[in-house]
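Pasting coords.txt here (compact mmCIF, C-alpha atoms and all ligand atoms):
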```txt
# COMPACT_ATOMS: atom_id res chain seq x y z
CA MET A 1238 109.10 152.18 116.41
CA ASN A 1239 111.59 154.82 115.43
CA ASP A 1240 112.85 153.15 112.32
CA LEU A 1241 113.92 155.32 109.47
CA PRO A 1242 111.42 155.63 106.66
CA GLU A 1243 111.57 152.65 104.39
CA ASP A 1244 112.57 154.54 101.28
CA HIS A 1245 114.72 157.26 102.74
CA LEU A 1246 117.46 156.54 100.22
CA LEU A 1247 117.07 156.66 96.50
CA LEU A 1248 119.58 153.97 95.71
CA GLU A 1249 118.21 151.11 93.74
CA THR A 1250 119.44 147.61 93.13
CA SER A 1251 118.56 144.84 90.73
CA LEU A 1252 118.69 141.13 91.50
CA ASN A 1253 121.74 140.71 89.29
CA GLN A 1254 123.54 143.49 91.15
CA LEU A 1255 122.81 141.80 94.46
CA ILE A 1256 124.22 138.54 93.15
CA GLN A 1257 127.33 140.25 91.82
CA LYS A 1258 127.88 142.00 95.13
CA THR A 1259 127.41 138.75 97.03
CA ASP A 1260 129.96 137.19 94.69
CA THR A 1261 132.51 139.93 95.23
CA GLY A 1262 132.00 140.17 98.97
CA PHE A 1263 132.08 136.46 99.70
CA ASP A 1264 133.19 133.12 98.42
CA SER A 1265 130.28 132.61 96.07
CA ASP A 1266 130.88 128.88 95.62
CA ARG A 1267 130.15 128.40 99.26
CA ARG A 1268 127.38 130.95 99.47
CA LEU A 1269 125.07 130.96 96.49
CA ASN A 1270 125.92 127.78 94.68
CA ALA A 1271 125.37 125.58 97.71
CA THR A 1272 121.70 125.39 96.84
CA ASP A 1273 121.53 121.66 96.12
CA THR A 1274 120.43 120.94 99.67
CA VAL A 1275 117.78 123.64 99.52
CA SER A 1276 114.28 122.97 98.22
CA VAL A 1277 111.22 125.01 97.40
CA VAL A 1278 108.18 124.09 99.47
CA ASP A 1279 105.81 126.52 97.82
CA VAL A 1280 105.78 129.77 95.87
CA SER A 1281 103.05 132.35 95.53
CA LEU A 1282 102.99 135.43 93.36
CA LEU A 1283 101.21 138.51 94.64
CA PRO A 1284 100.48 141.26 92.13
CA GLN A 1285 100.49 144.76 93.60
CA LYS A 1286 100.34 148.11 91.93
CA GLY A 1287 103.62 148.53 90.05
CA THR A 1288 105.27 145.61 91.81
CA LEU A 1289 105.18 141.84 91.90
CA MET A 1290 105.87 140.01 95.15
CA ALA A 1291 107.22 136.48 94.97
CA LYS A 1292 106.86 134.80 98.31
CA ALA A 1293 108.11 131.32 99.06
CA LYS A 1294 108.67 128.79 101.76
CA ILE A 1295 112.16 127.41 101.26
CA ARG A 1296 113.47 124.42 103.14
CA GLY A 1297 117.13 124.76 104.03
CA SER A 1298 119.80 122.18 104.53
CA GLU A 1299 119.07 122.09 108.28
CA ASN A 1300 115.51 121.01 107.43
CA LYS A 1301 114.16 124.32 108.69
CA THR A 1302 111.74 126.26 106.54
CA TYR A 1303 112.23 129.96 105.86
CA ASP A 1304 109.95 132.66 104.49
CA THR A 1305 111.67 134.20 101.51
CA TYR A 1306 110.58 137.29 99.56
CA ILE A 1307 111.58 138.98 96.32
CA GLN A 1308 109.58 142.07 95.43
CA PHE A 1309 110.15 143.24 91.86
CA GLN A 1310 109.68 146.94 91.19
CA GLY A 1311 108.67 148.61 87.94
CA ILE A 1312 106.18 145.94 86.89
CA THR A 1313 103.56 146.82 84.31
CA TYR A 1314 100.49 144.62 84.09
CA ASN A 1315 99.53 144.11 80.48
CA PRO A 1316 96.18 143.46 78.92
CA PRO A 1317 95.74 139.70 78.34
CA GLU A 1318 95.87 140.11 74.56
CA SER A 1319 99.28 141.79 74.55
CA GLN A 1320 101.99 139.74 72.91
CA ASP A 1321 105.21 140.34 74.78
CA ARG A 1322 104.25 138.84 78.06
CA VAL A 1323 104.36 136.03 80.54
CA THR A 1324 101.33 134.99 82.49
CA PHE A 1325 100.78 133.64 85.96
CA VAL A 1326 97.86 132.80 88.17
CA SER A 1327 97.28 134.38 91.55
CA ASN A 1328 94.11 133.99 93.59
CA GLU A 1329 92.55 132.21 90.62
CA GLN A 1330 93.08 135.21 88.38
CA THR A 1331 95.44 135.28 85.43
CA TYR A 1332 97.87 138.17 85.13
CA ALA A 1333 100.13 139.14 82.26
CA ILE A 1334 103.36 141.08 82.59
CA SER A 1335 106.34 141.82 80.41
CA PRO A 1336 109.17 139.42 81.27
CA ILE A 1337 111.17 140.70 84.22
CA ASP A 1338 114.71 141.88 83.48
CA VAL A 1339 116.78 140.75 86.47
CA GLY A 1340 119.58 143.07 85.36
CA ASN A 1341 117.32 146.08 85.34
CA ASN A 1342 114.17 145.74 87.43
CA ASN A 1343 114.91 146.87 90.98
CA VAL A 1344 114.15 144.47 93.78
CA LYS A 1345 113.63 144.35 97.51
CA VAL A 1346 114.43 141.06 99.21
CA ARG A 1347 114.07 139.43 102.60
CA CYS A 1348 114.56 136.02 104.17
CA THR A 1349 113.88 134.86 107.70
CA CYS A 1350 117.13 132.86 107.92
CA LEU A 1351 119.86 134.00 110.28
CA ASP A 1352 122.36 134.35 107.47
CA PHE A 1353 120.27 137.03 105.80
CA ARG A 1354 119.35 138.63 109.10
CA PHE A 1355 122.89 139.09 110.35
CA ARG A 1356 124.86 139.34 107.15
CA PHE A 1357 122.67 141.35 104.83
CA ALA A 1358 119.47 142.84 106.24
CA MET A 1359 120.98 146.01 107.66
CA ILE A 1360 123.22 146.67 104.68
CA ASN A 1361 120.48 145.93 102.16
CA SER A 1362 118.36 148.38 104.09
CA SER A 1363 120.92 151.14 103.43
CA ASP A 1364 120.99 150.10 99.82
CA GLY A 1365 117.21 150.33 99.35
CA SER A 1366 117.01 146.60 98.63
CA LEU A 1367 115.52 145.31 101.89
CA TYR A 1368 111.87 144.29 101.84
CA GLY A 1369 110.05 145.04 105.07
CA PRO A 1370 111.21 146.82 108.20
CA ARG A 1371 114.84 147.35 109.14
CA PRO A 1372 116.02 144.96 111.80
CA PRO A 1373 117.09 146.40 115.12
CA ILE A 1374 120.78 147.23 115.24
CA TYR A 1375 122.77 144.20 116.31
CA ARG A 1376 125.10 144.90 119.20
CA PRO A 1377 127.82 142.30 119.66
CA VAL A 1378 128.30 140.87 123.11
CA PRO A 1379 130.89 143.06 124.91
CA GLY A 1380 134.28 141.43 124.80
CA SER A 1381 133.32 139.18 121.90
CA ASN A 1382 136.07 138.88 119.34
CA ARG A 1383 133.86 137.55 116.57
CA GLY A 1384 134.42 139.47 113.37
CA SER A 1385 131.71 141.15 111.36
CA ALA A 1386 129.55 138.77 109.34
CA ASN A 1387 129.92 141.16 106.42
CA PRO A 1388 133.25 142.98 106.68
CA SER A 1389 133.04 144.44 103.15
CA LYS A 1390 129.55 145.76 103.92
CA VAL A 1391 128.11 144.59 100.63
CA PRO A 1392 124.38 144.09 100.14
CA GLY A 1393 123.47 140.64 98.93
CA ILE A 1394 121.23 137.62 99.06
CA CYS A 1395 121.23 134.29 100.90
CA LYS A 1396 120.97 130.91 99.18
CA HIS A 1397 117.21 130.77 99.86
CA ILE A 1398 116.61 133.97 97.88
CA LYS A 1399 118.84 132.57 95.14
CA THR A 1400 116.79 129.37 95.14
CA LEU A 1401 113.56 131.36 94.79
CA MET A 1402 115.12 133.31 91.93
CA ASP A 1403 116.10 130.07 90.17
CA GLU A 1404 112.57 128.74 90.64
CA LEU A 1405 111.05 131.87 89.09
CA SER A 1406 113.56 131.69 86.27
CA SER A 1407 112.67 128.11 85.40
CA GLY A 1408 109.01 129.14 85.55
CA GLY A 1409 109.70 131.54 82.67
CA LEU A 1410 109.18 134.79 84.55
CA PHE A 1411 112.42 136.41 83.45
CA ASP A 1412 113.50 138.04 80.25
CA THR A 1413 116.15 135.78 78.77
CA ALA A 1414 116.26 137.35 75.33
CA PRO A 1415 119.56 138.89 74.21
CA LYS A 1416 119.37 142.62 74.74
CA GLN A 1417 120.21 143.68 71.20
CA GLN A 1418 117.56 141.67 69.44
CA PRO A 1419 113.83 142.05 69.38
CA GLN A 1420 112.14 139.72 71.76
CA GLN A 1421 110.53 136.48 70.80
CA ALA A 1422 106.91 136.49 71.78
CA GLU A 1423 106.25 132.82 71.27
CA GLN A 1424 106.37 131.38 74.70
CA GLU A 1425 103.78 132.07 77.30
CA PRO A 1426 104.80 130.06 80.28
CA THR A 1427 102.34 129.97 83.08
CA ILE A 1428 103.31 129.84 86.70
CA THR A 1429 100.64 128.42 88.88
CA ALA A 1430 100.79 130.19 92.15
CA ASP A 1431 99.61 128.92 95.43
CA THR A 1432 96.51 130.91 96.19
CA ALA A 1433 97.05 131.13 99.91
CA ILE A 1434 98.72 134.47 100.35
CA GLU A 1435 99.47 135.83 103.74
CA THR A 1436 99.97 139.45 104.56
CA PRO A 1437 103.60 140.39 103.91
CA PRO A 1438 105.53 141.87 106.83
CA GLU A 1439 105.39 145.33 105.34
CA ASN A 1440 102.46 147.64 105.68
CA ASN A 1441 100.95 146.96 102.32
CA SER A 1442 97.33 147.32 103.13
CA GLU A 1443 96.69 149.34 100.01
CA ASN A 1444 96.59 147.29 96.83
CA ASN A 1445 97.18 144.14 98.72
CA SER A 1446 94.87 141.90 96.85
CA LYS A 1447 93.64 143.51 93.69
CA LEU A 1448 95.20 145.50 90.96
CA ALA A 1449 94.16 149.09 90.74
ZN ZN B 1501 117.77 132.82 103.63
```
How does the structure come out when it is put into structure tokens?
Amino acid sequence: MNDLPEDHLLLETSLNQLIQKTDTGFDSDRRLNATDTVSVVDVSLLPQKGTLMAKAKIRGSENKTYDTYIQFQGITYNPPESQDRVTFVSNEQTYAISPIDVGNNNVKVRCTCLDFRFRFAMINSSDGSLYGPRPPIYRPVPGSNRGSANPSKVPGICKHIKTLMDELSSGGLFDTAPKQQPQQAEQEPTITADTAIETPPENNSENNSKLA
């Protein structure tokens, strides 16, 4: 494996930026809003030091199931008694974090669907927003006149990642408070995570199961 180091670039991207770039690079009505035929099979949340991994099985419109990942960076785990927090359960333990700001917290994403693989994985890798190893460089069949799947070379997300994001949003994981006002600390939604967590495709052996 001669892949470049995972974090060789210092660029960083939030989930909102990825959505905006997908919107500008493509016809977003067809891409990200076509999620009505997509369903969430299961979601698990995996706390790691400074990050939170959301991993899901998402069933697509072709009735295939894809592994979909969003890893949020810059996560601080709060003591349970802290007020400004959301809680979730992972491996039968309860964790508390400050609500995630999808316009600010950087993310790394990945999906096993072909759309993400051929349209986004390589470009997200250059952008610092690919979770896991870079895919091998795709070489078109000689003589093929098929155009690039991503002519504007914008990083982005597939509809499965968008579906996972919507699921996390309705679970109360995200900061929805207006930015100018102090945050309401009333709600404490709890996301119940599936406890079966497999090893992610990245080498995450440190801090894989327990918080430091
Ligand atoms: Zn996908």
Of the listed residues A:Ser1363, A:Ser1276, A:Gln1330, A:Ser1251, that which approaches ligand ZN 1501 (chain B) most closely, counting only C-alpha atoms and all ligand atoms: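 Looking at the shortest contact to ligand ZN 1501 (chain B), the residue is A:Ser1276.
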Coordinates-based distance that separates atom CA of A:Ile1398 from atom CA of A:Arg1354 (Å, one decimal):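 A separation of 12.5 Å between them.
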Residue list as a list in words for point (106.0, 129.2, 108.2), cut-off 10 Å, all atoms listed in the file: Ala1293, Lys1294, Ile1295, Lys1301, Thr1302, Tyr1303, Asp1304 and Thr1349 of chain A
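In this model, the gap between atom CA of A:Phe1263 and atom CA of A:Ser1389 comes to 8.7 Å.
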Nearest to ligand ZN 1501 (chain B), chosen from A:Asp1412, A:Glu1318, A:Glu1299, A:Glu1329, with only C-alpha atoms and all ligand atoms counted in the distances: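 Once distances to ligand ZN 1501 (chain B) are computed over only C-alpha atoms and all ligand atoms, the minimum belongs to A:Glu1299.
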Given only C-alpha atoms as the counted atoms, nearest of A:Ser1406, A:Arg1356, A:His1397, A:Val1391 to A:Tyr1375: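 When distances to A:Tyr1375 are compared using only C-alpha atoms, the smallest one comes from A:Arg1356.
Nearest to A:Cys1348 of all the residues A:Val1323, A:Leu1401, A:Ala1386, A:Ile1334 is A:Leu1401, counting all atoms listed in the file.
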Straight-line distance linking atom CA of A:Asn1361 with atom CA of A:Asp1403, stated in Å to one decimal: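 Those two atoms sit 20.4 Å apart.
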A:Arg1322, A:Arg1296, A:Arg1376, A:Lys1345 ranked by distance to ligand ZN 1501 (chain B), top pick (using only C-alpha atoms and all ligand atoms): A:Arg1296
Contacts of A:Thr1288 within 7 Å, all atoms listed in the file, excl. fewer than 3 positions in-chain, as a list in words: Pro1284, Gln1285, Gln1308, Phe1309, Gln1310, Gly1311 and Ile1312 of chain A
Selected residue of minimal separation from ligand ZN 1501 (chain B) among A:Phe1411, A:Tyr1368, A:Tyr1332, A:Phe1357, counting all atoms listed in the file: A:Phe1357
